[in-house]
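With mmCIF, C-alpha atoms and all ligand atoms inside, this is data21.cif:
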```cif
data_model
loop_
_atom_site.label_atom_id
_atom_site.label_comp_id
_atom_site.auth_asym_id
_atom_site.auth_seq_id
_atom_site.Cartn_x
_atom_site.Cartn_y
_atom_site.Cartn_z
CA MET Z 1 17.85 146.64 129.66
CA GLY Z 2 19.97 144.01 127.86
CA GLU Z 3 19.19 141.38 125.22
CA ALA Z 4 17.85 138.78 127.70
CA ASN Z 5 15.29 141.28 128.97
CA GLY Z 6 14.43 142.29 125.41
CA ARG Z 7 13.68 138.66 124.60
CA ARG Z 8 11.55 138.32 127.77
CA LEU Z 9 9.61 141.42 126.68
CA VAL Z 10 8.92 139.88 123.26
CA ARG Z 11 7.25 136.94 125.01
CA LEU Z 12 4.58 139.30 126.36
CA PHE Z 13 3.24 139.54 122.83
CA PRO Z 14 0.85 136.71 121.99
CA THR Z 15 2.19 135.55 118.63
CA PHE Z 16 3.88 136.60 115.39
CA PRO Z 17 3.39 135.69 111.76
CA VAL Z 18 6.24 133.63 110.38
CA ALA Z 19 7.54 134.04 106.85
CA ILE Z 20 10.29 132.65 104.68
CA VAL Z 21 11.94 135.54 102.88
CA VAL Z 22 14.10 135.02 99.80
CA VAL Z 23 16.97 137.38 98.99
CA GLY Z 24 19.76 137.35 96.39
CA GLU Z 25 19.52 136.00 92.87
CA GLY Z 26 20.40 132.90 90.87
CA ASP Z 27 22.77 130.50 92.60
CA ALA Z 28 23.31 133.00 95.40
CA SER Z 29 19.61 133.19 96.34
CA ASN Z 30 18.97 132.39 100.00
CA PRO Z 31 15.83 131.67 102.06
CA ILE Z 32 15.65 132.97 105.66
CA THR Z 33 12.94 132.48 108.26
CA LEU Z 34 11.68 135.67 109.90
CA ALA Z 35 9.11 136.44 112.59
CA MET Z 36 9.78 140.19 112.45
CA VAL Z 37 7.29 140.79 109.65
CA HIS Z 38 4.51 143.36 109.37
CA VAL Z 39 2.28 145.29 106.99
CA PHE Z 40 3.44 148.93 106.74
CA SER Z 41 1.03 150.45 104.19
CA PHE Z 42 -2.19 149.52 102.39
CA GLU Z 43 -1.74 152.01 99.52
CA PRO Z 44 0.79 151.54 98.10
CA PRO Z 45 0.98 148.03 99.58
CA MET Z 46 4.12 147.72 101.71
CA VAL Z 47 5.52 145.11 104.06
CA GLY Z 48 8.53 145.32 106.36
CA ILE Z 49 11.03 142.68 107.45
CA GLY Z 50 13.43 143.00 110.40
CA ILE Z 51 16.83 141.39 109.82
CA ASN Z 52 19.78 141.23 112.18
CA GLN Z 53 22.92 142.84 110.75
CA GLY Z 54 24.93 139.60 111.19
CA ARG Z 55 22.78 137.49 108.83
CA HIS Z 56 24.04 136.38 105.42
CA SER Z 57 20.65 137.56 104.13
CA TYR Z 58 21.39 141.06 105.40
CA ASP Z 59 24.51 141.25 103.20
CA LEU Z 60 22.58 139.92 100.19
CA LEU Z 61 19.77 142.44 100.70
CA LYS Z 62 22.24 145.33 100.93
CA GLU Z 63 23.65 144.20 97.55
CA LEU Z 64 20.27 143.66 95.85
CA PRO Z 65 17.41 145.61 97.50
CA GLU Z 66 14.61 143.24 96.50
CA PHE Z 67 13.01 140.33 98.37
CA VAL Z 68 10.19 137.83 98.16
CA LEU Z 69 8.11 137.34 101.31
CA ALA Z 70 6.62 133.84 101.20
CA LEU Z 71 4.03 132.64 103.71
CA PRO Z 72 4.36 128.93 104.48
CA ARG Z 73 1.42 126.74 105.49
CA HIS Z 74 1.33 125.44 109.07
CA THR Z 75 2.09 122.02 107.57
CA GLN Z 76 5.50 123.39 106.50
CA ALA Z 77 6.96 123.99 109.96
CA THR Z 78 9.91 121.63 109.37
CA GLU Z 79 11.00 123.50 106.25
CA THR Z 80 10.47 126.85 107.99
CA LEU Z 81 12.62 125.81 110.94
CA ALA Z 82 15.32 124.56 108.54
CA ALA Z 83 15.52 127.95 106.77
CA GLY Z 84 15.99 129.59 110.17
CA SER Z 85 18.56 127.15 111.56
CA ARG Z 86 21.60 127.44 109.27
CA SER Z 87 23.30 130.24 107.42
CA GLY Z 88 23.62 130.49 103.66
CA ARG Z 89 27.19 131.53 104.42
CA ASP Z 90 27.94 127.85 105.27
CA GLY Z 91 26.77 126.53 101.90
CA LYS Z 92 23.69 126.51 99.71
CA LYS Z 93 20.62 126.36 101.95
CA TRP Z 94 17.90 125.26 99.48
CA PRO Z 95 18.78 121.53 99.39
CA HIS Z 96 18.65 121.34 103.20
CA VAL Z 97 15.39 123.23 103.49
CA GLY Z 98 13.39 121.04 101.10
CA LEU Z 99 11.81 123.95 99.19
CA THR Z 100 12.15 124.85 95.52
CA PRO Z 101 13.08 128.30 94.15
CA VAL Z 102 11.11 129.31 91.03
CA PRO Z 103 11.44 132.51 88.97
CA SER Z 104 9.47 135.50 90.27
CA LYS Z 105 7.43 137.77 87.96
CA GLU Z 106 9.01 141.19 88.70
CA VAL Z 107 11.97 140.82 91.07
CA ARG Z 108 15.27 138.96 90.81
CA PRO Z 109 15.09 136.85 94.00
CA PRO Z 110 13.08 133.67 93.29
CA SER Z 111 9.71 132.77 94.79
CA ILE Z 112 9.10 129.51 96.68
CA SER Z 113 7.16 126.94 94.65
CA GLU Z 114 5.63 125.12 97.66
CA CYS Z 115 4.42 128.25 99.51
CA PRO Z 116 0.83 129.38 98.90
CA VAL Z 117 1.68 133.11 99.04
CA ASN Z 118 4.67 134.89 97.47
CA LEU Z 119 4.85 138.71 97.72
CA GLU Z 120 7.51 140.28 95.45
CA CYS Z 121 8.96 143.44 96.98
CA ARG Z 122 11.35 146.27 96.16
CA VAL Z 123 13.00 147.97 99.14
CA VAL Z 124 11.92 151.61 99.45
CA GLU Z 125 13.26 152.36 102.93
CA GLU Z 126 15.66 151.02 105.55
CA ILE Z 127 15.34 151.79 109.25
CA GLU Z 128 18.06 150.75 111.68
CA THR Z 129 16.50 149.77 115.02
CA GLY Z 130 19.18 148.54 117.44
CA ASP Z 131 20.11 144.96 116.58
CA HIS Z 132 17.87 144.75 113.49
CA VAL Z 133 17.34 146.71 110.29
CA TRP Z 134 13.78 147.01 108.99
CA PHE Z 135 13.66 146.84 105.22
CA ILE Z 136 10.35 148.27 104.02
CA GLY Z 137 9.37 146.88 100.64
CA GLU Z 138 6.68 147.87 98.19
CA ILE Z 139 4.83 144.83 96.83
CA VAL Z 140 5.23 144.98 93.05
CA ALA Z 141 3.77 141.56 92.19
CA HIS Z 142 2.27 138.62 94.04
CA THR Z 143 1.23 135.01 93.60
CA VAL Z 144 -1.52 133.55 95.79
CA GLU Z 145 -2.67 129.95 95.46
CA ASP Z 146 -6.39 129.47 94.74
CA GLY Z 147 -8.27 128.66 97.93
CA TYR Z 148 -5.58 130.02 100.26
CA ALA Z 149 -6.93 131.33 103.58
CA PRO Z 150 -4.85 133.00 106.33
CA ASP Z 151 -5.91 130.14 108.64
CA ASP Z 152 -3.64 127.95 106.49
CA ALA Z 153 -0.60 130.03 107.48
CA MET Z 154 1.57 129.71 110.57
CA THR Z 155 2.47 131.78 113.61
CA TYR Z 156 5.41 131.58 116.00
CA TRP Z 157 5.74 132.36 119.67
CA GLY Z 158 7.74 131.12 122.64
CA GLY Z 159 9.79 128.69 120.55
CA LYS Z 160 6.67 127.03 119.10
CA PHE Z 161 5.24 127.04 115.60
CA ARG Z 162 1.44 127.30 115.75
CA LYS Z 163 -1.75 127.43 113.72
CA PRO Z 164 -3.70 130.74 113.79
CA GLY Z 165 -6.10 130.76 116.77
CA ASP Z 166 -9.84 130.73 117.45
CA VAL Z 167 -12.19 133.64 116.72
CA VAL Z 168 -13.54 135.20 119.95
CA LEU Z 169 -15.54 138.15 118.51
CA LEU Z 170 -16.45 139.47 115.08
CA ARG Z 171 -15.62 143.15 114.54
CA ARG Z 172 -18.62 143.61 112.23
C1 LIG S 201 11.00 131.06 113.92
C2 LIG S 201 12.20 131.88 113.61
C3 LIG S 201 12.08 133.26 113.50
C4 LIG S 201 13.19 134.06 113.19
N1 LIG S 201 13.03 135.41 113.06
C5 LIG S 201 14.09 136.18 112.70
C6 LIG S 201 13.91 137.58 112.47
O1 LIG S 201 12.81 138.11 112.54
N2 LIG S 201 15.01 138.29 112.11
C7 LIG S 201 16.25 137.74 111.99
O2 LIG S 201 17.23 138.46 111.67
N3 LIG S 201 16.45 136.41 112.20
C8 LIG S 201 15.40 135.62 112.53
N4 LIG S 201 15.57 134.28 112.72
C9 LIG S 201 16.93 133.71 112.62
C10 LIG S 201 17.38 133.43 111.18
O3 LIG S 201 16.35 132.81 110.41
C11 LIG S 201 18.62 132.50 111.21
O4 LIG S 201 19.65 133.12 111.95
C12 LIG S 201 19.10 132.09 109.82
O5 LIG S 201 19.88 130.93 109.96
C13 LIG S 201 19.92 133.18 109.14
O6 LIG S 201 20.23 132.73 107.85
P1 LIG S 201 21.24 133.50 106.87
O7 LIG S 201 22.55 133.72 107.63
O8 LIG S 201 21.38 132.55 105.72
O9 LIG S 201 20.63 134.80 106.48
C14 LIG S 201 14.47 133.46 113.01
C15 LIG S 201 14.60 132.06 113.11
C16 LIG S 201 13.47 131.27 113.40
C17 LIG S 201 13.62 129.77 113.49
#
```

Translate this file's structure into structure tokens.
Ligand SMILES: Cc1cc2nc3c(=O)[nH]c(=O)nc-3n(C[C@H](O)[C@H](O)[C@H](O)COP(=O)(O)O)c2cc1C
Amino acid sequence: MGEANGRRLVRLFPTFPVAIVVVGEGDASNPITLAMVHVFSFEPPMVGIGINQGRHSYDLLKELPEFVLALPRHTQATETLAAGSRSGRDGKKWPHVGLTPVPSKEVRPPSISECPVNLECRVVEEIETGDHVWFIGEIVAHTVEDGYAPDDAMTYWGGKFRKPGDVVLLRR
């Protein structure tokens, strides 16, 4: 089918959440923007992140199997794009991204001070799926800003960062 067709196929889906994931520790910590993000279990709570094997973040995650999944607000699109536009391999990314790493509660990668949601995860499983590896992490601690609502977060589709959409029907 080929990569171009794979990318065309992805555009059939309406939209994806967008997260900034932090891997590595101390001076080596590195933020990366990801749209391959999903919930994998309610109990225990688990989330998964899909990372291409060529990313600097992939190497860091293989070394230290912990990550923080931060959800940016839709007002933080510039910072989110910055974390997804250069590699930590070419120098420290934090100063260019305009976000601040702060110590997490339970894991070694830092959380992001400016993001309203930080989910601290330990990798429990890795699944290789073609040109990405899904790292499934159990959430072992979290920080959620008072008053945060998912409508504050951001989605991504077709090269555009977006706000979550309108409600068309209530399930119950
Ligand atoms: C909106 C957006 C979504 C992205 N989603 C993913 C993704 O799901 N998986 C991935 O491996 N890279 C994704 N990327 C690309 C990485 O963020 C980008 O290659 C980054 O510079 C890699 O940084 P690193 O080498 O420091 O790990 C995305 C980039 C953007 C801007």

Return as CSV the residues of chain Z lying at most 7 Å from ligand LIG 201 (chain S), together with the closest atom-to-atom pair for each and the distance in Å to one decimal, counting all atoms listed in the file, with rows in chain order and ascending residue number.
```
residue,atom,partner,partner_atom,distance
Z:Val18,CA,S:LIG201,C1,6.5
Z:Asn30,CA,S:LIG201,O8,6.2
Z:Pro31,CA,S:LIG201,O8,6.7
Z:Ile32,CA,S:LIG201,O3,4.8
Z:Thr33,CA,S:LIG201,O3,4.0
Z:Leu34,CA,S:LIG201,N1,3.4
Z:Ala35,CA,S:LIG201,O1,4.1
Z:Met36,CA,S:LIG201,O1,3.7
Z:Val37,CA,S:LIG201,O1,6.8
Z:Gly50,CA,S:LIG201,N2,5.3
Z:Ile51,CA,S:LIG201,O2,3.5
Z:Asn52,CA,S:LIG201,O2,3.8
Z:Arg55,CA,S:LIG201,O7,4.0
Z:His56,CA,S:LIG201,O7,3.8
Z:Ser57,CA,S:LIG201,O9,3.6
Z:Tyr58,CA,S:LIG201,O9,6.4
Z:Thr80,CA,S:LIG201,C17,7.0
Z:Leu81,CA,S:LIG201,C17,4.8
Z:Ala83,CA,S:LIG201,O3,6.1
Z:Gly84,CA,S:LIG201,O3,3.2
Z:Ser85,CA,S:LIG201,O5,4.3
Z:Arg86,CA,S:LIG201,O5,4.0
Z:Ser87,CA,S:LIG201,O8,3.5
Z:Gly88,CA,S:LIG201,O8,3.7
Z:Arg89,CA,S:LIG201,O8,6.0
Z:His132,CA,S:LIG201,O2,6.6
Z:Tyr156,CA,S:LIG201,C1,6.0
```

Can you list, as a count of residues only, every protein, DNA or RNA residue that comes within 9 Å of range 104-119 of chain Z when you count only C-alpha atoms, leaving out same-chain residues fewer than 2 positions away?
37

One decimal, Å: what's the distance from CA of Phe16 in chain Z over to CA of Glu128 in chain Z, could you say?
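Distance between the two atoms: 20.4 Å.
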
Quick one: distance from CA of Asp151 in chain Z to CA of Val167 in chain Z in Å, one decimal?
10.8 Å

Radius query 9 Å about (11.7, 149.2, 105.0), atoms used: all atoms listed in the file, as a PyMOL selection string:
chain Z and resi 40+46-50+123-127+133-138

Hey, can you check how far CA of Val39 in chain Z sits from CA of Leu61 in chain Z?
18.8 Å
